[in-house]
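Peer 1: Following this message is one structure expressed as structure tokens.
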Amino acid sequence: MTGPPPHRPALATATAPGINSPAMADDKPLRPLPERPLPERPLPVADAITAGFWDGAREGELRIQRCRRCERWQHPPAIACRSCGGGDLGFAAIPGELTLYSWAVLQDAPAPGFRDRLPLILGVVEARAQQGILIAANLVGVKEADLRLGLRLAPSFEPVDDDTVLVQFTPVEDQ
Ligand SMILES: [Zn+2]
């Protein structure tokens with residue numbers, strides 16, 4: 001039999017840098033990753049785009065990004081309006097009900113600082129002010145057995161250090 005075997009895929013990446021290059025072929029052991037402890041509880045880091053959300057949290061308000069031109073809300077925040085492309089964006093307290101859209105329950109802590117919070121309930125919360133505004137955050141003050149779609153929620157703010165206040169959600173009491 002002559003020629004290459006049939007159906008052999010072309011190795012398009014064989015000449016890409018770093019792949020099959022001589023440096024990969026020597027017998028040097030890979031450098032081990034530095035031992036780094038898991039953070040106790042990873043915290044969000046605000047940037048220029050998300051600062052309005054975190055400023056609102058520090059002041060005890062759920063502020064969502066809104067386009068000043070077409071008045072559409074959007075979340076997570078972005079550099080431009082996803083509806084009209086405009087760049088004149090601000091943050092405002094979103095009106096209307098917040099309801100439970102989906103959730104997942106974590107039985108294992110993703111970092112040591114979550115061990116005393118298990119089971120950890122990760123919620124996706126819908127802002128009724130505008131269809132499709134979904135906010136992912138932990139749910140607090142609710143048992144797994146009491147979770148149901150449409151559960152009415154209110155934001156709950158947890159200060160964790162001098163600069164950071166977390167936004168979480170908890171059930172509205174009169175329901
Ligand atoms: Zn817009």
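Convention: chains lettered A, B, ... in structure tokens order; per-chain residue numbering from 1; ligands numbered from 1 as shown.
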Which residues are near ligand 1 - at most 6 Å, using only C-alpha atoms and all ligand atoms? Format: as a PDB file with C-alpha atoms, in the first residue's frame.
Peer 2:
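Output file out-v2.pdb follows:
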```pdb
ATOM      1  CA  CYS A  67     -29.004  53.743  27.810  1.00  0.00           C
ATOM      2  CA  ARG A  69     -30.714  57.434  24.180  1.00  0.00           C
ATOM      3  CA  CYS A  70     -33.120  54.494  23.815  1.00  0.00           C
ATOM      4  CA  ARG A  72     -33.226  50.267  27.413  1.00  0.00           C
ATOM      5  CA  CYS A  81     -25.857  49.931  24.383  1.00  0.00           C
ATOM      6  CA  SER A  83     -29.942  47.814  21.587  1.00  0.00           C
ATOM      7  CA  CYS A  84     -28.969  51.018  19.751  1.00  0.00           C
ATOM      8  CA  GLY A  85     -25.178  51.008  19.950  1.00  0.00           C
ATOM      9  CA  GLY A  86     -25.117  54.339  21.765  1.00  0.00           C
TER      10      GLY A  86
END
```
Peer 1: Hey, what's within 12 Å of Asp163 in chain A if we count only C-alpha atoms and toss same-chain stuff fewer than 3 positions away? As number ranges by chain, please?
Peer 2: A: 43-46, 51, 54-59, 158-160, 166
Peer 1: Write to file, as an mmCIF file, in the first residue's frame, the residues of the selection just made, with C-alpha atoms.
Peer 2:
```
data_model
loop_
_atom_site.group_PDB
_atom_site.id
_atom_site.type_symbol
_atom_site.label_atom_id
_atom_site.label_comp_id
_atom_site.auth_asym_id
_atom_site.auth_seq_id
_atom_site.Cartn_x
_atom_site.Cartn_y
_atom_site.Cartn_z
ATOM 1 C CA LEU A 43 -14.331 39.329 45.561
ATOM 2 C CA PRO A 44 -15.513 41.288 42.547
ATOM 3 C CA VAL A 45 -13.224 43.990 41.196
ATOM 4 C CA ALA A 46 -15.009 47.031 39.815
ATOM 5 C CA ALA A 51 -18.312 50.862 38.678
ATOM 6 C CA TRP A 54 -20.836 48.593 42.645
ATOM 7 C CA ASP A 55 -21.268 52.266 43.623
ATOM 8 C CA GLY A 56 -24.994 51.550 43.860
ATOM 9 C CA ALA A 57 -24.371 48.513 46.055
ATOM 10 C CA ARG A 58 -22.290 50.608 48.457
ATOM 11 C CA GLU A 59 -25.243 52.976 48.722
ATOM 12 C CA GLU A 158 -23.449 42.542 52.301
ATOM 13 C CA PRO A 159 -20.420 44.723 53.050
ATOM 14 C CA VAL A 160 -17.295 42.549 52.869
ATOM 15 C CA LEU A 166 -21.924 42.386 47.513
#
```
Peer 1: Can you list, as a PDB file with C-alpha atoms, in the first residue's frame, every protein, DNA or RNA residue that comes within 9 Å of Pro39 in chain A when you count only C-alpha atoms, leaving out same-chain residues fewer than 5 positions away?
Peer 2:
```pdb
ATOM      1  CA  ALA A 111     -13.364  28.456  47.985  1.00  0.00           C
ATOM      2  CA  PRO A 112     -12.673  28.072  51.736  1.00  0.00           C
ATOM      3  CA  GLY A 113     -14.628  31.199  52.651  1.00  0.00           C
TER       4      GLY A 113
END
```
Peer 1: Using DSSP on the backbone coordinates, identify the residues of chain A assigned to alpha helix (DSSP H); present them as a ChimeraX atom specification.
Peer 2: /A:22-25,51-58
Peer 1: Could you write out, as a VMD selection string, all the residues of range 22-171 of chain A that DSSP marks as strand (DSSP E)?
Peer 2: chain A and resid 63 to 67 73 to 74 89 to 93 98 to 106 120 to 127 134 to 139 152 to 159 165 to 171
Peer 1: Taking only C-alpha atoms into account, which of A:Gly52, A:Pro32, A:Pro77, A:Pro42 comes nearest Ala92 in chain A?
Peer 2: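 Distance minimum relative to Ala92 in chain A lands on A:Gly52.
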